[in-house]
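Enquirer: Quick one: the structure is below, questions incoming.
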Amino acid sequence: MKTQTENLCSLAKQLNLSGIGTIVDKLLMDAQQEQSSYLDFALKLLNTEIEHRNSQNLLRRLKVAKLPAGNDLDNWQHNRQNGLSKQQLAQLRECVWLDQNFNIILMGPSGTGKTLIAAGLCLDAVKKGYKAMFRTMEQLNYILKMKDITKSAANELNTILKANLVVIDDIMMFPVEKKQAVALFNLINHLHQNASMIVTTNKSPDEWATMLDDEVLATAILDRILYNCEIVKLSGKSFRIDNRKTIF
């Protein structure tokens, strides 16, 4: 015959209360030691389940985000002079702009922190409960190229279309084929006013037409990104060069 504790675990499992079911023994022991009231114990059960679900949801969002390593802006060197002040970065990290479908363009030479800032803001958005994802232009090109061929690419694109924030890293670093350029426009046109975008680039807007080999298409893409957009021009020495490692 099942004990009352086993029955409680079984009921929690049936109700998909996995957070409670795994540590119900500990919760009961704590309640006995603390001589908790029925109300306090019930509240602890529910809070335990909510914390568990929030933790699992965060892990799922992080998995979808596919963030690069070293993306926590808490470790950002605020003494770096790169064109973005500590106050400006703090304001961006509040993520209020996400509710306004605002876009951010991080523009500057290689090594000035574009990718780190973009990934860090994406991480902040994920922690605040937003559906956010980080993709390089190369990854995005592959998804757009394969969306009608493989189910995985089609599912990936569908996930991007439902995101609150999409980071496109190193956009226009390399020339884009005509078919992918049109697909990129369609993607940005959909995200326009439905989600926020963070775009990192080391190319000026004038150079986008060269990368796309189509001035009209480049203008149309920029028109949608620049609507409700903050352009952050980063400068300074390359962080990688200044902190390069040597064998000796």
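Residues are named by chain letter and number: chains run A, B, ... in the order of the structure tokens, numbers start at 1 in each chain, and ligands are numbered from 1 in the order shown.
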Could you pull the residues within 10 Å of Leu45 (chain A), counting only C-alpha atoms, minus those fewer than 5 positions along the same chain, as a PyMOL selection string?
Expert: chain A and resi 17+19-21+23-24+27-28+39-40+50
Enquirer: What does the file look like for those residues with C-alpha atoms, as a JSON list (two decimals), in the first residue's frame?
Expert:
```json
[["chain", "number", "residue", "atom", "x", "y", "z"],
["A", 17, "LEU", "CA", 3.79, 19.35, -10.90],
["A", 19, "GLY", "CA", 8.87, 20.70, -9.18],
["A", 20, "ILE", "CA", 6.92, 19.52, -6.16],
["A", 21, "GLY", "CA", 7.11, 15.82, -6.95],
["A", 23, "ILE", "CA", 11.44, 17.19, -3.43],
["A", 24, "VAL", "CA", 8.18, 16.59, -1.59],
["A", 27, "LEU", "CA", 9.34, 19.98, 1.90],
["A", 28, "LEU", "CA", 7.45, 17.80, 4.38],
["A", 39, "LEU", "CA", -1.35, 27.75, 4.74],
["A", 40, "ASP", "CA", 2.44, 28.25, 4.93],
["A", 50, "ILE", "CA", 6.57, 28.15, -9.76]]
```
Enquirer: May I have all residues of region 78-172 of chain A that DSSP, computed from the backbone, assigns to strand (DSSP E), given as a ChimeraX atom specification?
Expert: /A:103-107,132-136,165-169
Enquirer: Please extract the residues of region 24-243 of chain A with a backbone DSSP assignment of alpha helix (DSSP H) and present them as a PyMOL selection string.
Expert: chain A and resi 24-34+38-65+86-93+114-127+137-146+151-161+178-191+205-212+215-226+239-242
Enquirer: Just want the 12 Å neighbourhood of Ala218 (chain A), counted on only C-alpha atoms, with same-chain residues fewer than 3 positions away dropped. Output as a short mmCIF file (atom, residue, chain, number, x, y, z; two decimals) with N, CA and C atoms, in the first residue's frame.
Expert:
```
data_model
loop_
_atom_site.label_atom_id
_atom_site.label_comp_id
_atom_site.auth_asym_id
_atom_site.auth_seq_id
_atom_site.Cartn_x
_atom_site.Cartn_y
_atom_site.Cartn_z
N ILE A 171 25.96 41.30 -39.89
CA ILE A 171 25.17 41.43 -41.10
C ILE A 171 25.99 42.15 -42.18
N MET A 172 25.88 41.67 -43.37
CA MET A 172 26.54 42.25 -44.55
C MET A 172 28.06 42.17 -44.50
N PRO A 175 29.17 39.12 -49.16
CA PRO A 175 28.11 39.27 -50.17
C PRO A 175 27.00 38.23 -49.99
N VAL A 176 25.78 38.63 -50.30
CA VAL A 176 24.61 37.76 -50.15
C VAL A 176 24.02 37.47 -51.51
N LYS A 178 21.34 36.62 -54.40
CA LYS A 178 20.09 37.31 -54.68
C LYS A 178 18.90 36.66 -53.99
N ALA A 181 19.02 37.24 -50.37
CA ALA A 181 18.80 38.66 -50.09
C ALA A 181 17.30 38.97 -50.06
N VAL A 182 16.56 38.39 -51.00
CA VAL A 182 15.10 38.58 -51.03
C VAL A 182 14.46 37.94 -49.80
N LEU A 184 15.92 37.49 -46.94
CA LEU A 184 16.29 38.33 -45.80
C LEU A 184 15.36 39.52 -45.70
N PHE A 185 15.05 40.13 -46.82
CA PHE A 185 14.10 41.25 -46.82
C PHE A 185 12.74 40.81 -46.28
N ILE A 188 12.98 40.41 -42.46
CA ILE A 188 13.04 41.70 -41.77
C ILE A 188 11.72 42.46 -41.91
N SER A 204 29.18 50.32 -43.39
CA SER A 204 28.28 51.47 -43.37
C SER A 204 27.07 51.15 -44.24
N PRO A 205 25.95 51.84 -44.02
CA PRO A 205 24.75 51.59 -44.84
C PRO A 205 25.02 51.68 -46.34
N ASP A 206 25.93 52.56 -46.74
CA ASP A 206 26.24 52.70 -48.16
C ASP A 206 26.84 51.42 -48.74
N GLU A 207 27.52 50.65 -47.89
CA GLU A 207 28.16 49.42 -48.35
C GLU A 207 27.21 48.23 -48.43
N TRP A 208 26.02 48.35 -47.81
CA TRP A 208 25.07 47.25 -47.83
C TRP A 208 24.62 46.95 -49.26
N ALA A 209 24.45 47.99 -50.05
CA ALA A 209 24.03 47.80 -51.45
C ALA A 209 25.04 46.96 -52.21
N THR A 210 26.32 47.17 -51.91
CA THR A 210 27.38 46.39 -52.57
C THR A 210 27.30 44.93 -52.16
N MET A 211 27.08 44.68 -50.87
CA MET A 211 27.01 43.31 -50.37
C MET A 211 25.81 42.56 -50.96
N LEU A 212 24.71 43.30 -51.18
CA LEU A 212 23.49 42.69 -51.73
C LEU A 212 23.44 42.75 -53.25
N ASP A 213 24.32 43.57 -53.81
CA ASP A 213 24.32 43.81 -55.26
C ASP A 213 22.94 44.31 -55.72
N ASP A 214 22.30 45.10 -54.87
CA ASP A 214 20.96 45.61 -55.20
C ASP A 214 20.68 46.81 -54.30
N GLU A 215 20.79 47.99 -54.84
CA GLU A 215 20.61 49.21 -54.06
C GLU A 215 19.18 49.36 -53.57
N ILE A 221 15.53 47.23 -46.96
CA ILE A 221 15.90 46.56 -45.70
C ILE A 221 16.27 47.59 -44.65
N LEU A 222 17.12 48.54 -45.02
CA LEU A 222 17.55 49.58 -44.08
C LEU A 222 16.37 50.43 -43.61
N ASP A 223 15.44 50.71 -44.52
CA ASP A 223 14.27 51.51 -44.18
C ASP A 223 13.49 50.89 -43.04
N ARG A 224 13.37 49.56 -43.05
CA ARG A 224 12.61 48.86 -42.02
C ARG A 224 13.39 48.73 -40.71
N ILE A 225 14.69 48.53 -40.82
CA ILE A 225 15.50 48.41 -39.60
C ILE A 225 15.63 49.76 -38.91
N LEU A 226 15.84 50.82 -39.70
CA LEU A 226 16.09 52.15 -39.14
C LEU A 226 14.85 52.82 -38.57
#
```
Enquirer: Which residue is closest to Gln91 (chain A)? Choose from A:Leu116, A:Leu121, A:Leu15, A:Ala65 and count only C-alpha atoms.
Expert: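 Using only C-alpha atoms, the shortest distance to Gln91 (chain A) belongs to A:Leu121.
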Enquirer: Which residue gives the smallest distance to Asp170 (chain A) among A:Ala153, A:Met197, A:Leu106, A:Leu98, with only C-alpha atoms counted?
Expert: A:Leu106
Enquirer: In Å, rounded to a single decimal, give me how far CA of Thr115 (chain A) is from CA of Arg61 (chain A).
Expert: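 Value for the CA of Arg61 (chain A)-CA of Thr115 (chain A) distance: 19.2 Å.
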Enquirer: Could you state the separation of CA of Asn71 (chain A) and CA of Ala119 (chain A) in Å, given to one decimal place?
Expert: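 Rounded to one decimal, the two atoms are 5.4 Å apart.
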Enquirer: Which residues are close to Met133 (chain A), i.e. within 10 Å by only C-alpha atoms, leaving aside same-chain residues fewer than 6 positions away? Reply as a PyMOL selection string.
Expert: chain A and resi 61-67+119+122-123+125-126+159-160+163-168+197
Enquirer: Could you name the residues that touch Leu157 (chain A) at 9 Å or less, counting only C-alpha atoms, but leaving out those on the same chain fewer than 5 positions away, as a ChimeraX atom specification?
Expert: /A:140,143-144,147,152,162,187
Enquirer: Selection from above, N, CA and C atoms, as an mmCIF file, in the first residue's frame, can you write it?
Expert:
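Just written: result.cif:
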```cif
data_model
loop_
_atom_site.group_PDB
_atom_site.id
_atom_site.type_symbol
_atom_site.label_atom_id
_atom_site.label_comp_id
_atom_site.auth_asym_id
_atom_site.auth_seq_id
_atom_site.Cartn_x
_atom_site.Cartn_y
_atom_site.Cartn_z
ATOM 1 N N LEU A 140 21.918 32.616 -40.427
ATOM 2 C CA LEU A 140 20.640 33.063 -40.964
ATOM 3 C C LEU A 140 20.552 32.779 -42.454
ATOM 4 N N ILE A 143 19.706 29.155 -42.909
ATOM 5 C CA ILE A 143 18.302 28.890 -42.597
ATOM 6 C C ILE A 143 17.394 29.328 -43.748
ATOM 7 N N LEU A 144 17.655 30.520 -44.276
ATOM 8 C CA LEU A 144 16.842 31.045 -45.372
ATOM 9 C C LEU A 144 17.027 30.225 -46.649
ATOM 10 N N LYS A 147 15.204 26.606 -45.854
ATOM 11 C CA LYS A 147 13.868 26.585 -45.242
ATOM 12 C C LYS A 147 12.853 25.778 -46.037
ATOM 13 N N SER A 152 14.095 21.003 -40.297
ATOM 14 C CA SER A 152 14.770 21.681 -39.195
ATOM 15 C C SER A 152 14.944 23.167 -39.482
ATOM 16 N N LYS A 162 8.550 34.103 -34.490
ATOM 17 C CA LYS A 162 7.734 34.281 -33.298
ATOM 18 C C LYS A 162 8.490 34.945 -32.147
ATOM 19 N N LEU A 187 12.090 38.382 -44.266
ATOM 20 C CA LEU A 187 12.200 38.145 -42.826
ATOM 21 C C LEU A 187 12.158 39.454 -42.060
#
```
Enquirer: Which one is closest to Asp74 (chain A): A:Asn158, A:Leu59, A:Leu43, A:Ala90? Count only C-alpha atoms.
Expert: A:Ala90
Enquirer: Just give me the gap between CA of Ile104 (chain A) and CA of Asn57 (chain A) in Å, one decimal is fine.
Expert: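 Those two atoms sit 25.9 Å apart.
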Enquirer: Identify which of the residues A:Thr5, A:Lys145, A:Tyr130, A:Gly113 lies closest to Glu177 (chain A), counting only C-alpha atoms when measuring atom-to-atom distances.
Expert: A:Lys145
